[in-house]
$ cat data31.txt   # compact mmCIF, C-alpha atoms and all ligand atoms
# COMPACT_ATOMS: atom_id res chain seq x y z
CA MET A 1328 126.75 113.15 97.76
CA ALA A 1329 126.30 115.87 100.34
CA ASP A 1330 129.91 115.65 101.41
CA GLY A 1331 132.74 117.13 99.36
CA SER A 1332 132.43 120.81 98.53
CA GLY A 1333 130.36 123.52 100.29
CA GLY A 1334 129.65 122.25 103.81
CA ASP A 1335 126.31 120.48 104.15
CA MET A 1336 124.68 122.08 101.12
CA LEU A 1337 124.24 120.19 97.87
CA SER A 1338 125.99 122.07 95.11
CA TRP A 1339 123.98 123.14 92.05
CA ASP A 1340 124.90 120.11 90.00
CA GLU A 1341 124.27 117.58 92.73
CA SER A 1342 120.86 116.00 92.87
CA LEU A 1343 119.16 112.95 94.27
CA PHE A 1344 117.15 112.77 91.06
CA ARG A 1345 118.36 110.84 88.08
CA ASP A 1346 115.38 112.07 86.05
CA GLU A 1347 112.84 114.27 87.80
CA ARG A 1348 110.51 114.30 84.79
CA VAL A 1349 109.25 110.80 85.59
CA PHE A 1350 107.33 112.37 88.49
CA GLU A 1351 105.52 114.91 86.35
CA VAL A 1352 101.78 114.59 85.76
CA ASP A 1353 101.99 114.15 82.02
CA TYR A 1354 104.84 111.63 82.01
CA LEU A 1355 103.83 108.52 80.09
CA PRO A 1356 105.28 105.49 81.89
CA GLU A 1357 107.40 103.10 79.87
CA ALA A 1358 106.17 100.12 81.83
CA PHE A 1359 102.43 99.76 82.40
CA ARG A 1360 102.06 96.87 84.81
CA HIS A 1361 98.95 95.26 86.29
CA ARG A 1362 96.71 96.44 83.48
CA ASP A 1363 97.02 93.57 81.00
CA THR A 1364 93.36 92.56 81.21
CA GLN A 1365 92.16 96.10 80.61
CA MET A 1366 94.56 96.63 77.72
CA GLU A 1367 93.42 93.35 76.13
CA SER A 1368 89.75 94.34 76.39
CA LEU A 1369 90.41 97.75 74.88
CA LYS A 1370 92.40 96.25 72.03
CA TYR A 1371 89.66 93.74 71.35
CA ALA A 1372 87.10 96.56 71.09
CA LEU A 1373 89.30 98.64 68.79
CA LYS A 1374 90.40 95.80 66.52
CA PRO A 1375 87.58 96.31 63.96
CA ALA A 1376 88.78 99.89 63.41
CA VAL A 1377 92.13 98.61 62.20
CA ARG A 1378 90.30 96.55 59.60
CA GLY A 1379 88.32 99.59 58.52
CA SER A 1380 85.02 98.94 60.32
CA ARG A 1381 83.32 100.68 63.16
CA PRO A 1382 84.90 99.62 66.48
CA LEU A 1383 82.94 98.54 69.53
CA ASN A 1384 82.14 101.30 71.95
CA VAL A 1385 83.65 101.09 75.41
CA MET A 1386 82.74 102.33 78.86
CA ALA A 1387 85.87 102.43 81.02
CA GLN A 1388 85.33 103.11 84.69
CA GLY A 1389 87.35 103.04 87.84
CA PRO A 1390 88.42 105.23 90.74
CA PRO A 1391 90.88 108.12 90.24
CA GLY A 1392 94.49 107.33 89.47
CA THR A 1393 93.99 103.77 88.27
CA GLY A 1394 95.51 104.15 84.81
CA LYS A 1395 92.49 104.87 82.61
CA THR A 1396 93.94 107.91 80.86
CA THR A 1397 97.34 106.27 80.61
CA ALA A 1398 95.83 103.18 78.96
CA VAL A 1399 94.18 105.35 76.31
CA HIS A 1400 97.37 107.35 75.70
CA ILE A 1401 99.37 104.17 75.17
CA LEU A 1402 96.79 102.59 72.87
CA PHE A 1403 96.23 105.74 70.84
CA ASP A 1404 99.97 106.21 70.37
CA GLU A 1405 100.16 102.65 69.08
CA LEU A 1406 97.19 103.16 66.75
CA ARG A 1407 98.69 106.34 65.32
CA ALA A 1408 102.07 104.73 64.81
CA GLN A 1409 100.93 101.43 63.36
CA THR A 1410 97.57 102.00 61.64
CA ASP A 1411 95.49 104.49 59.64
CA VAL A 1412 92.97 104.88 62.45
CA ARG A 1413 92.39 108.44 63.69
CA ALA A 1414 92.41 108.46 67.48
CA VAL A 1415 91.52 111.56 69.46
CA ARG A 1416 91.32 111.92 73.22
CA VAL A 1417 89.08 114.73 74.48
CA ASN A 1418 89.52 116.02 78.01
CA CYS A 1419 85.90 116.74 78.99
CA GLN A 1420 86.92 118.60 82.12
CA VAL A 1421 88.12 121.33 79.78
CA ASN A 1422 85.80 120.63 76.84
CA ALA A 1423 82.48 120.25 78.60
CA THR A 1424 80.05 121.05 75.79
CA ARG A 1425 79.16 119.25 72.59
CA TYR A 1426 80.58 122.12 70.58
CA ALA A 1427 83.88 122.05 72.46
CA VAL A 1428 84.16 118.28 72.01
CA PHE A 1429 83.66 118.57 68.26
CA SER A 1430 86.14 121.43 68.07
CA ARG A 1431 88.72 119.07 69.53
CA LEU A 1432 87.71 116.40 67.04
CA PHE A 1433 88.05 118.90 64.22
CA GLN A 1434 91.54 119.65 65.41
CA GLY A 1435 92.32 115.93 65.67
CA VAL A 1436 91.07 115.23 62.16
CA PHE A 1437 92.42 118.31 60.34
CA ASP A 1438 95.53 118.91 62.47
CA TYR A 1439 94.62 122.58 62.86
CA GLU A 1440 92.02 124.45 64.91
CA PRO A 1441 88.54 125.27 63.61
CA PRO A 1442 88.02 128.92 62.58
CA ALA A 1443 88.07 131.12 65.68
CA SER A 1444 85.27 133.26 64.26
CA GLY A 1445 82.97 130.44 65.16
CA ILE A 1446 80.90 128.24 62.89
CA SER A 1447 77.62 126.55 63.65
CA PHE A 1448 77.66 123.15 65.27
CA LYS A 1449 76.08 121.68 62.18
CA LYS A 1450 78.91 122.95 60.05
CA LEU A 1451 81.55 121.78 62.49
CA PHE A 1452 79.95 118.36 62.61
CA SER A 1453 79.69 117.94 58.87
CA GLN A 1454 83.23 119.12 58.25
CA VAL A 1455 84.54 116.46 60.62
CA THR A 1456 82.40 113.65 59.27
CA ASP A 1457 82.88 114.64 55.59
CA ARG A 1458 86.60 114.56 56.09
CA LEU A 1459 86.46 111.08 57.63
CA VAL A 1460 84.48 109.79 54.68
CA GLU A 1461 86.71 111.49 52.12
CA ASP A 1462 89.83 110.07 53.68
CA ASP A 1463 88.16 106.71 54.28
CA GLU A 1464 89.27 106.85 57.92
CA VAL A 1465 87.82 105.37 61.08
CA LEU A 1466 87.75 107.73 64.07
CA VAL A 1467 88.11 106.55 67.65
CA VAL A 1468 87.10 109.16 70.22
CA ALA A 1469 87.96 108.90 73.89
CA LEU A 1470 85.76 111.13 76.02
CA ASP A 1471 88.02 111.29 79.04
CA ASP A 1472 86.44 112.35 82.34
CA VAL A 1473 83.08 112.12 80.60
CA ASN A 1474 81.40 112.72 83.97
CA TYR A 1475 81.96 116.45 83.38
CA LEU A 1476 79.67 116.28 80.34
CA PHE A 1477 76.99 114.90 82.61
CA TYR A 1478 77.48 117.66 85.18
CA GLU A 1479 76.92 120.19 82.37
CA SER A 1480 73.99 118.22 80.91
CA ALA A 1481 75.88 117.83 77.65
CA ALA A 1482 76.46 114.07 77.65
CA SER A 1483 73.37 112.89 75.77
CA GLU A 1484 73.59 115.30 72.87
CA THR A 1485 77.32 114.75 72.49
CA LEU A 1486 77.03 110.97 72.44
CA TYR A 1487 74.00 111.15 70.21
CA SER A 1488 75.91 113.13 67.58
CA LEU A 1489 78.87 110.77 67.75
CA LEU A 1490 76.91 107.53 67.73
CA ARG A 1491 74.50 108.52 64.99
CA ALA A 1492 77.04 110.24 62.80
CA HIS A 1493 76.78 107.47 60.22
CA GLU A 1494 73.07 108.22 59.78
CA GLU A 1495 73.71 111.89 59.04
CA GLN A 1496 76.75 111.24 56.94
CA GLY A 1497 76.67 107.81 55.30
CA GLY A 1498 79.99 106.05 55.65
CA ALA A 1499 81.23 107.89 58.74
CA ARG A 1500 82.69 105.34 61.12
CA ILE A 1501 83.18 106.52 64.71
CA GLY A 1502 83.78 104.52 67.87
CA VAL A 1503 83.55 106.00 71.34
CA ILE A 1504 85.35 105.22 74.56
CA VAL A 1505 83.81 106.97 77.54
CA ILE A 1506 85.94 107.18 80.65
CA SER A 1507 84.63 108.04 84.09
CA SER A 1508 86.02 108.09 87.60
CA ASP A 1509 82.73 109.07 89.19
CA LEU A 1510 81.55 105.71 90.45
CA GLU A 1511 78.28 107.12 91.73
CA LEU A 1512 77.31 108.23 88.26
CA ASN A 1513 75.27 105.62 86.43
CA ILE A 1514 76.21 106.53 82.90
CA ILE A 1515 73.71 104.46 80.98
CA GLU A 1516 70.81 105.37 83.22
CA GLU A 1517 71.56 109.09 82.99
CA LEU A 1518 71.45 109.12 79.20
CA ASP A 1519 68.33 109.91 77.17
CA GLY A 1520 66.41 106.93 75.85
CA ARG A 1521 67.35 107.77 72.26
CA VAL A 1522 71.03 107.49 73.20
CA GLN A 1523 70.58 104.40 75.32
CA SER A 1524 69.13 102.58 72.35
CA VAL A 1525 72.33 103.03 70.33
CA PHE A 1526 74.91 102.86 73.12
CA ARG A 1527 75.68 99.31 74.24
CA PRO A 1528 79.31 99.61 75.27
CA GLU A 1529 81.77 96.96 76.36
CA ASP A 1530 82.56 97.42 80.03
CA VAL A 1531 86.18 97.73 81.05
CA TYR A 1532 86.80 98.18 84.74
CA PHE A 1533 89.97 99.61 86.28
CA PRO A 1534 90.04 98.49 89.92
CA LYS A 1535 92.09 100.19 92.57
CA TYR A 1536 95.67 98.98 92.75
CA ASP A 1537 96.35 97.13 95.98
CA GLU A 1538 99.30 98.01 98.17
CA PRO A 1539 101.81 95.51 96.69
CA GLU A 1540 100.87 96.66 93.16
CA ILE A 1541 101.33 100.27 94.18
CA ALA A 1542 104.74 99.46 95.64
CA ASP A 1543 105.69 97.61 92.46
CA ILE A 1544 104.67 100.46 90.14
CA LEU A 1545 106.22 103.15 92.33
CA GLY A 1546 109.38 101.07 92.64
CA GLU A 1547 109.76 101.27 88.89
CA ARG A 1548 109.46 105.08 89.06
CA VAL A 1549 112.01 105.20 91.87
CA ASP A 1550 114.52 103.26 89.76
CA ARG A 1551 114.11 105.64 86.85
CA GLY A 1552 113.72 108.83 88.84
CA PHE A 1553 116.27 108.60 91.67
CA HIS A 1554 119.90 107.64 91.81
CA ASP A 1555 120.69 104.22 93.27
CA GLY A 1556 120.35 103.94 97.03
CA VAL A 1557 118.41 107.18 97.53
CA VAL A 1558 115.05 105.56 98.33
CA ASP A 1559 115.20 102.30 100.27
CA THR A 1560 112.48 99.66 100.58
CA GLN A 1561 111.25 100.94 103.90
CA VAL A 1562 110.62 104.42 102.49
CA LEU A 1563 109.02 103.01 99.34
CA ASP A 1564 106.73 100.82 101.42
CA ARG A 1565 105.71 103.79 103.52
CA VAL A 1566 104.83 105.77 100.39
CA ALA A 1567 102.83 102.82 99.05
CA ALA A 1568 100.99 102.43 102.36
CA LEU A 1569 100.05 106.12 102.51
CA THR A 1570 98.88 105.98 98.89
CA ALA A 1571 96.75 102.90 99.48
CA ASP A 1572 95.38 104.51 102.60
CA GLN A 1573 94.24 107.59 100.67
CA GLY A 1574 92.20 105.52 98.23
CA GLY A 1575 94.92 104.13 95.98
CA ASP A 1576 95.30 107.04 93.53
CA LEU A 1577 98.80 106.58 92.14
CA ARG A 1578 99.14 110.31 91.66
CA ILE A 1579 99.45 110.69 95.40
CA GLY A 1580 102.32 108.21 95.52
CA ILE A 1581 104.12 109.79 92.58
CA ASP A 1582 103.73 113.27 94.03
CA LEU A 1583 104.88 112.01 97.42
CA LEU A 1584 108.05 110.57 95.93
CA ARG A 1585 108.91 113.79 94.19
CA ARG A 1586 108.20 116.03 97.18
CA SER A 1587 110.03 113.66 99.54
CA GLY A 1588 113.03 113.86 97.25
CA LEU A 1589 112.90 117.66 97.27
CA ASN A 1590 112.62 117.67 101.06
CA ALA A 1591 115.66 115.44 101.36
CA GLU A 1592 117.59 117.70 99.00
CA ARG A 1593 116.67 120.71 101.07
CA ARG A 1594 118.12 118.97 104.11
CA ALA A 1595 121.19 118.21 102.01
CA SER A 1596 120.70 114.54 102.74
CA ASP A 1597 121.78 111.96 100.21
CA THR A 1598 118.91 109.65 101.08
CA VAL A 1599 115.17 110.15 101.38
CA ASP A 1600 114.16 109.39 104.96
CA PRO A 1601 110.76 108.65 106.50
CA GLU A 1602 110.59 112.21 107.90
CA ASP A 1603 110.79 113.57 104.34
CA VAL A 1604 107.82 111.44 103.39
CA GLU A 1605 105.74 112.50 106.38
CA ALA A 1606 106.44 116.18 105.65
CA ALA A 1607 105.57 115.75 101.98
CA PHE A 1608 102.35 113.96 102.81
CA GLU A 1609 100.86 117.13 104.27
CA THR A 1610 100.82 118.53 100.72
CA SER A 1611 100.44 115.43 98.60
CA ARG A 1612 97.31 114.25 100.35
CA TYR A 1613 95.48 117.25 98.92
CA ILE A 1614 96.36 116.50 95.34
CA HIS A 1615 92.75 115.58 94.53
CA LEU A 1616 91.51 118.78 95.96
CA SER A 1617 94.00 120.83 93.94
CA ARG A 1618 93.12 118.94 90.79
CA ARG A 1619 89.40 119.40 91.30
CA LEU A 1620 89.70 123.09 92.12
CA GLY A 1621 91.86 123.60 89.06
CA GLY A 1622 88.94 122.63 86.83
CA LEU A 1623 86.39 125.03 88.30
CA SER A 1624 85.05 128.19 86.68
CA ASP A 1625 85.18 131.59 88.39
CA SER A 1626 81.60 131.47 89.63
CA GLU A 1627 82.10 127.94 90.92
CA ARG A 1628 85.17 129.03 92.83
CA ALA A 1629 83.32 132.06 94.15
CA LEU A 1630 80.53 129.93 95.53
CA LEU A 1631 82.93 127.45 97.06
CA GLU A 1632 84.73 130.29 98.79
CA VAL A 1633 81.47 131.62 100.20
CA VAL A 1634 80.61 128.14 101.52
CA ALA A 1635 84.07 127.81 103.07
CA ARG A 1636 83.83 131.19 104.79
CA HIS A 1637 80.28 130.61 106.03
CA GLU A 1638 80.41 126.93 106.89
CA GLY A 1639 77.62 125.79 109.14
CA GLU A 1640 75.31 128.67 108.20
CA GLN A 1641 71.91 128.19 106.56
CA ALA A 1642 71.96 127.50 102.83
CA GLY A 1643 69.68 130.53 102.39
CA ALA A 1644 72.23 132.85 103.99
CA ILE A 1645 74.97 131.39 101.81
CA TYR A 1646 72.90 132.00 98.71
CA GLU A 1647 72.39 135.64 99.72
CA VAL A 1648 76.13 136.26 100.03
CA PHE A 1649 76.81 134.48 96.74
CA HIS A 1650 74.10 136.46 94.99
CA ASP A 1651 75.42 139.77 96.34
CA GLN A 1652 78.93 138.95 95.21
CA THR A 1653 78.25 137.57 91.75
CA GLY A 1654 74.79 138.76 90.78
CA LEU A 1655 73.91 135.19 89.83
CA GLY A 1656 70.45 133.82 90.53
CA TYR A 1657 69.12 130.84 92.42
CA THR A 1658 69.01 128.43 89.48
CA ARG A 1659 72.69 128.85 88.74
CA TYR A 1660 73.44 128.65 92.48
CA ALA A 1661 71.61 125.33 92.78
CA GLU A 1662 73.36 123.97 89.67
CA ILE A 1663 76.77 124.82 91.04
CA ILE A 1664 75.97 123.30 94.42
CA ASN A 1665 74.99 120.08 92.65
CA LYS A 1666 78.16 120.03 90.61
CA LEU A 1667 80.40 120.66 93.64
CA ASP A 1668 78.52 117.91 95.45
CA GLN A 1669 78.97 115.45 92.57
CA LEU A 1670 82.64 116.34 92.38
CA GLY A 1671 83.03 115.39 96.03
CA ILE A 1672 84.18 118.86 97.05
CA LEU A 1673 81.21 119.58 99.25
CA ASN A 1674 78.35 117.70 100.72
CA ALA A 1675 74.85 119.10 100.19
CA GLN A 1676 72.31 117.23 102.22
CA TYR A 1677 68.70 117.99 102.82
CA ALA A 1678 68.10 118.32 106.53
CA ASP A 1679 65.05 119.20 108.58
CA VAL A 1680 65.49 122.62 110.10
CA GLU A 1681 63.27 123.50 113.03
CA GLY A 1682 60.42 125.71 112.00
CA ARG A 1683 61.68 126.12 108.43
CA GLY A 1684 60.90 122.76 106.87
CA ARG A 1685 63.55 121.09 104.77
CA SER A 1686 66.66 123.02 103.87
CA ARG A 1687 70.01 122.11 102.41
CA GLU A 1688 72.92 121.76 104.73
CA LEU A 1689 76.26 122.51 103.12
CA SER A 1690 79.56 121.22 104.40
CA LEU A 1691 83.01 120.86 102.85
CA GLU A 1692 84.44 117.41 102.22
CA TYR A 1693 87.92 118.78 102.91
CA ASP A 1694 89.56 120.75 105.65
CA THR A 1695 88.33 124.37 105.36
CA GLU A 1696 91.79 125.91 105.61
CA ALA A 1697 93.10 123.53 102.93
CA VAL A 1698 90.31 124.63 100.59
CA LEU A 1699 90.75 128.35 101.21
CA GLU A 1700 94.50 128.13 100.78
CA ARG A 1701 94.12 126.45 97.41
CA LEU A 1702 91.41 128.77 96.13
N1 LIG A 1801 100.15 100.56 85.84
C1 LIG A 1801 100.79 101.73 85.91
N2 LIG A 1801 102.13 101.78 85.75
C2 LIG A 1801 102.79 102.96 85.83
N3 LIG A 1801 102.22 104.13 86.08
C3 LIG A 1801 100.87 104.15 86.24
C4 LIG A 1801 100.10 102.96 86.16
N4 LIG A 1801 98.81 103.28 86.35
C5 LIG A 1801 98.77 104.59 86.54
N5 LIG A 1801 100.00 105.14 86.48
C6 LIG A 1801 100.37 106.53 86.71
O1 LIG A 1801 99.48 107.05 87.69
C7 LIG A 1801 99.04 108.35 87.36
C8 LIG A 1801 97.54 108.36 87.24
O2 LIG A 1801 97.16 107.54 86.14
P1 LIG A 1801 95.99 107.98 85.14
O3 LIG A 1801 96.07 109.44 84.91
O4 LIG A 1801 96.06 107.10 83.96
O5 LIG A 1801 94.73 107.62 86.03
P2 LIG A 1801 93.18 107.77 85.71
O6 LIG A 1801 92.57 106.46 85.98
O7 LIG A 1801 93.00 108.36 84.37
O8 LIG A 1801 92.73 108.80 86.84
P3 LIG A 1801 91.50 109.86 86.83
O9 LIG A 1801 90.24 109.06 86.84
O10 LIG A 1801 91.66 110.63 88.08
O11 LIG A 1801 91.66 110.69 85.59
C9 LIG A 1801 99.75 108.73 86.07
O12 LIG A 1801 100.84 109.54 86.40
C10 LIG A 1801 100.20 107.41 85.48
O13 LIG A 1801 101.42 107.56 84.81
MG MG A 1802 92.25 110.26 83.80
$ encode --input "data31.txt" --output "structure tokens"
Amino acid sequence: MADGSGGDMLSWDESLFRDERVFEVDYLPEAFRHRDTQMESLKYALKPAVRGSRPLNVMAQGPPGTGKTTAVHILFDELRAQTDVRAVRVNCQVNATRYAVFSRLFQGVFDYEPPASGISFKKLFSQVTDRLVEDDEVLVVALDDVNYLFYESAASETLYSLLRAHEEQGGARIGVIVISSDLELNIIEELDGRVQSVFRPEDVYFPKYDEPEIADILGERVDRGFHDGVVDTQVLDRVAALTADQGGDLRIGIDLLRRSGLNAERRASDTVDPEDVEAAFETSRYIHLSRRLGGLSDSERALLEVVARHEGEQAGAIYEVFHDQTGLGYTRYAEIINKLDQLGILNAQYADVEGRGRSRELSLEYDTEAVLERL
């Protein structure tokens, strides 16, 4: 491919990629292998909705990049195409309050956004539930990345409103799928008692893919995404090994394939070689970090930057700098520290400091330079 015209440069219309879109984050895979059990369990729980009754609630958990969101996308597409069930997925990383969640549901039920002028929650809630009853529709809600609702202390009230909707509005039938990748978060335990008593979900677990499974799934992407012969088995196995090594998040493998391909193109090579993979890995390994930082608010980013620039200093000194910069007080500071800790971006541990009693010691979970670069 690199031979022919202009020396050792690929010409504009030459590419190693057959279809580069298959490596994009929002690409929905045509084949969804190694998830049959999970898909069966989800279908079982949703079956009643198809018959017009309230579905079973589900709690889907598993580490990052194990296909939870993809499973819901595939099922919801099927439901929309084949049944009268309303299915709405809410990204709780972006919609982290009860009001925001119901705004999304409003949009899902009415197909347009709620009035921008703002209406009370009560009004929003009753418009959604009234509509469901009027149209005699069952609503299935997926609260994706529900852990963010917990970080913002919004989980209990949101679930309460969803699960007890039928008491407020007779005839409203809503089922909830909560999805979490925070395995340290005990969802049931963290909910208020009044929610616990009505939330008895089916458990669906998405385990990490093992290395052969990763190679199998990525192999499928390679076939669709690259021209024949561009990525050989040795390179694919290396990508799978690195992905498994980093905790098994398929996003890393997919990103690695794409970046490796771009590296090879830059070298005007017609194959992806191990050196392309190693070079790409320096970026791809930080994909979690980038994703997590992308979801932070301005004050959260500000605090993280202060921690990064003052690593190793006393928590008290870090608070002072943060306070000077943002004007925010200690309560907000402590809340943000907790959230960043729960997100796995930093580690906040209580440590005994000589002469000062117990103080929090803050350290980054990632390489400082990598964090600062991405902020
Ligand atoms: N079995 C599979 N076959 C093909 N592609 C898959 C499979 N499982 C996951 N993927 C791909 O891996 C990527 C991550 O999957 P997904 O977003 O569904 O993970 P997740 O479990 O929701 O992760 P997180 O908890 O971080 O949100 C997506 O690009 C998805 O297309
Ligand atoms: Mg997801």
$ residues_near_ligand --input "data31.txt" --ligand "ligand LIG 1801 (chain A)" --cutoff "9 Å" --atoms "all atoms listed in the file" --output "count of residues only"
51
$ atom_distance --input "data31.txt" --atom1 "CA of Gln1676 in chain A" --atom2 "CA of Thr1610 in chain A"
28.6 Å
$ residues_around --input "data31.txt" --residues "Glu1605 in chain A" --least-positions-apart "6" --cutoff "12 Å" --atoms "only C-alpha atoms" --output "list in words"
Val1562, Arg1565, Val1566, Ala1568, Leu1569, Leu1583, Leu1584, Arg1586, Ser1587, Gly1588, Asn1590, Ala1591, Val1599, Ser1611 and Arg1612 of chain A
$ closest_residue --input "data31.txt" --among "A:Leu1518, A:Ile1664, A:Leu1623, A:Ala1571" --to "Lys1535 in chain A" --atoms "all atoms listed in the file"
A:Ala1571
$ residues_around --input "data31.txt" --residues "range 1436-1444 of chain A" --least-positions-apart "6" --cutoff "8 Å" --atoms "only C-alpha atoms" --output "list of chain:residue names"
A:Arg1413, A:Ser1430, A:Leu1451, A:Val1455, A:Arg1458, A:Leu1459
$ atom_distance --input "data31.txt" --atom1 "CA of Arg1425 in chain A" --atom2 "CA of Ala1629 in chain A"
25.4 Å
$ closest_residue --input "data31.txt" --among "A:Glu1461, A:Cys1419, A:Leu1369, A:Asn1384" --to "ligand MG 1802 (chain A)" --atoms "only C-alpha atoms and all ligand atoms"
A:Cys1419
$ residues_around --input "data31.txt" --residues "Leu1689 in chain A" --least-positions-apart "4" --cutoff "9 Å" --atoms "all atoms listed in the file" --output "list in words"
Val1634, Glu1638, Gly1639, Glu1640, Gln1641, Ala1642, Ile1664, Leu1673, Asn1674, Ala1675, Gln1676 and Tyr1677 of chain A
$ write_last_selection --input "data31.txt" --atoms "C-alpha atoms" --output "PDB file, keeping the file's coordinate frame"
ATOM      1  CA  VAL A1634      80.610 128.140 101.520  1.00  0.00           C
ATOM      2  CA  GLU A1638      80.410 126.930 106.890  1.00  0.00           C
ATOM      3  CA  GLY A1639      77.620 125.790 109.140  1.00  0.00           C
ATOM      4  CA  GLU A1640      75.310 128.670 108.200  1.00  0.00           C
ATOM      5  CA  GLN A1641      71.910 128.190 106.560  1.00  0.00           C
ATOM      6  CA  ALA A1642      71.960 127.500 102.830  1.00  0.00           C
ATOM      7  CA  ILE A1664      75.970 123.300  94.420  1.00  0.00           C
ATOM      8  CA  LEU A1673      81.210 119.580  99.250  1.00  0.00           C
ATOM      9  CA  ASN A1674      78.350 117.700 100.720  1.00  0.00           C
ATOM     10  CA  ALA A1675      74.850 119.100 100.190  1.00  0.00           C
ATOM     11  CA  GLN A1676      72.310 117.230 102.220  1.00  0.00           C
ATOM     12  CA  TYR A1677      68.700 117.990 102.820  1.00  0.00           C
TER      13      TYR A1677
END
$ residues_around --input "data31.txt" --residues "Glu1464 in chain A" --least-positions-apart "3" --cutoff "10 Å" --atoms "only C-alpha atoms" --output "list in words"
Ala1376, Val1377, Gly1379, Ser1380, Asp1411, Val1412, Arg1413, Val1436, Thr1456, Arg1458, Leu1459, Val1460, Glu1461, Val1467, Gly1498, Ala1499, Arg1500 and Ile1501 of chain A
$ write_last_selection --input "data31.txt" --atoms "C-alpha atoms" --output "CSV table (one decimal), in the frame of the given file"
chain,number,residue,atom,x,y,z
A,1376,ALA,CA,88.8,99.9,63.4
A,1377,VAL,CA,92.1,98.6,62.2
A,1379,GLY,CA,88.3,99.6,58.5
A,1380,SER,CA,85.0,98.9,60.3
A,1411,ASP,CA,95.5,104.5,59.6
A,1412,VAL,CA,93.0,104.9,62.4
A,1413,ARG,CA,92.4,108.4,63.7
A,1436,VAL,CA,91.1,115.2,62.2
A,1456,THR,CA,82.4,113.6,59.3
A,1458,ARG,CA,86.6,114.6,56.1
A,1459,LEU,CA,86.5,111.1,57.6
A,1460,VAL,CA,84.5,109.8,54.7
A,1461,GLU,CA,86.7,111.5,52.1
A,1467,VAL,CA,88.1,106.6,67.6
A,1498,GLY,CA,80.0,106.0,55.6
A,1499,ALA,CA,81.2,107.9,58.7
A,1500,ARG,CA,82.7,105.3,61.1
A,1501,ILE,CA,83.2,106.5,64.7
$ closest_residue --input "data31.txt" --among "A:Arg1687, A:Arg1416, A:Arg1491, A:His1554" --to "ligand MG 1802 (chain A)" --atoms "all atoms listed in the file"
A:Arg1416
$ atom_distance --input "data31.txt" --atom1 "CA of Arg1659 in chain A" --atom2 "CA of Glu1484 in chain A"
20.9 Å
$ closest_residue --input "data31.txt" --among "A:Val1428, A:Ile1614, A:Val1417, A:Leu1670" --to "Glu1511 in chain A" --atoms "only C-alpha atoms"
A:Leu1670
$ residues_around --input "data31.txt" --residues "Asp1625 in chain A" --least-positions-apart "3" --cutoff "12 Å" --atoms "only C-alpha atoms" --output "PyMOL selection string"
chain A and resi 1620-1622+1628-1632+1652-1653+1655+1663+1702
$ build_atoms --input "data31.txt" --residues "range 1652-1664 of chain A" --atoms "N, CA and C atoms" --output "PDB file, in the coordinates of the input"
ATOM      1  N   GLN A1652      77.570 138.869  95.775  1.00  0.00           N
ATOM      2  CA  GLN A1652      78.930 138.950  95.210  1.00  0.00           C
ATOM      3  C   GLN A1652      78.959 138.803  93.694  1.00  0.00           C
ATOM      4  N   THR A1653      78.117 137.919  93.169  1.00  0.00           N
ATOM      5  CA  THR A1653      78.250 137.570  91.750  1.00  0.00           C
ATOM      6  C   THR A1653      77.081 138.030  90.903  1.00  0.00           C
ATOM      7  N   GLY A1654      75.965 138.377  91.540  1.00  0.00           N
ATOM      8  CA  GLY A1654      74.790 138.760  90.780  1.00  0.00           C
ATOM      9  C   GLY A1654      74.071 137.572  90.153  1.00  0.00           C
ATOM     10  N   LEU A1655      74.536 136.364  90.441  1.00  0.00           N
ATOM     11  CA  LEU A1655      73.910 135.190  89.830  1.00  0.00           C
ATOM     12  C   LEU A1655      72.672 134.763  90.621  1.00  0.00           C
ATOM     13  N   GLY A1656      71.719 134.173  89.919  1.00  0.00           N
ATOM     14  CA  GLY A1656      70.450 133.820  90.530  1.00  0.00           C
ATOM     15  C   GLY A1656      70.419 132.434  91.150  1.00  0.00           C
ATOM     16  N   TYR A1657      69.248 132.078  91.646  1.00  0.00           N
ATOM     17  CA  TYR A1657      69.120 130.840  92.420  1.00  0.00           C
ATOM     18  C   TYR A1657      69.339 129.589  91.571  1.00  0.00           C
ATOM     19  N   THR A1658      68.880 129.620  90.323  1.00  0.00           N
ATOM     20  CA  THR A1658      69.010 128.430  89.480  1.00  0.00           C
ATOM     21  C   THR A1658      70.481 128.065  89.290  1.00  0.00           C
ATOM     22  N   ARG A1659      71.265 129.086  88.959  1.00  0.00           N
ATOM     23  CA  ARG A1659      72.690 128.850  88.740  1.00  0.00           C
ATOM     24  C   ARG A1659      73.345 128.389  90.058  1.00  0.00           C
ATOM     25  N   TYR A1660      72.927 129.034  91.160  1.00  0.00           N
ATOM     26  CA  TYR A1660      73.440 128.650  92.480  1.00  0.00           C
ATOM     27  C   TYR A1660      73.196 127.160  92.734  1.00  0.00           C
ATOM     28  N   ALA A1661      71.950 126.725  92.500  1.00  0.00           N
ATOM     29  CA  ALA A1661      71.610 125.330  92.780  1.00  0.00           C
ATOM     30  C   ALA A1661      72.391 124.382  91.860  1.00  0.00           C
ATOM     31  N   GLU A1662      72.584 124.800  90.607  1.00  0.00           N
ATOM     32  CA  GLU A1662      73.360 123.970  89.670  1.00  0.00           C
ATOM     33  C   GLU A1662      74.792 123.785  90.148  1.00  0.00           C
ATOM     34  N   ILE A1663      75.368 124.897  90.600  1.00  0.00           N
ATOM     35  CA  ILE A1663      76.770 124.820  91.040  1.00  0.00           C
ATOM     36  C   ILE A1663      76.887 123.955  92.290  1.00  0.00           C
ATOM     37  N   ILE A1664      75.945 124.139  93.217  1.00  0.00           N
ATOM     38  CA  ILE A1664      75.970 123.300  94.420  1.00  0.00           C
ATOM     39  C   ILE A1664      75.942 121.823  94.027  1.00  0.00           C
TER      40      ILE A1664
END
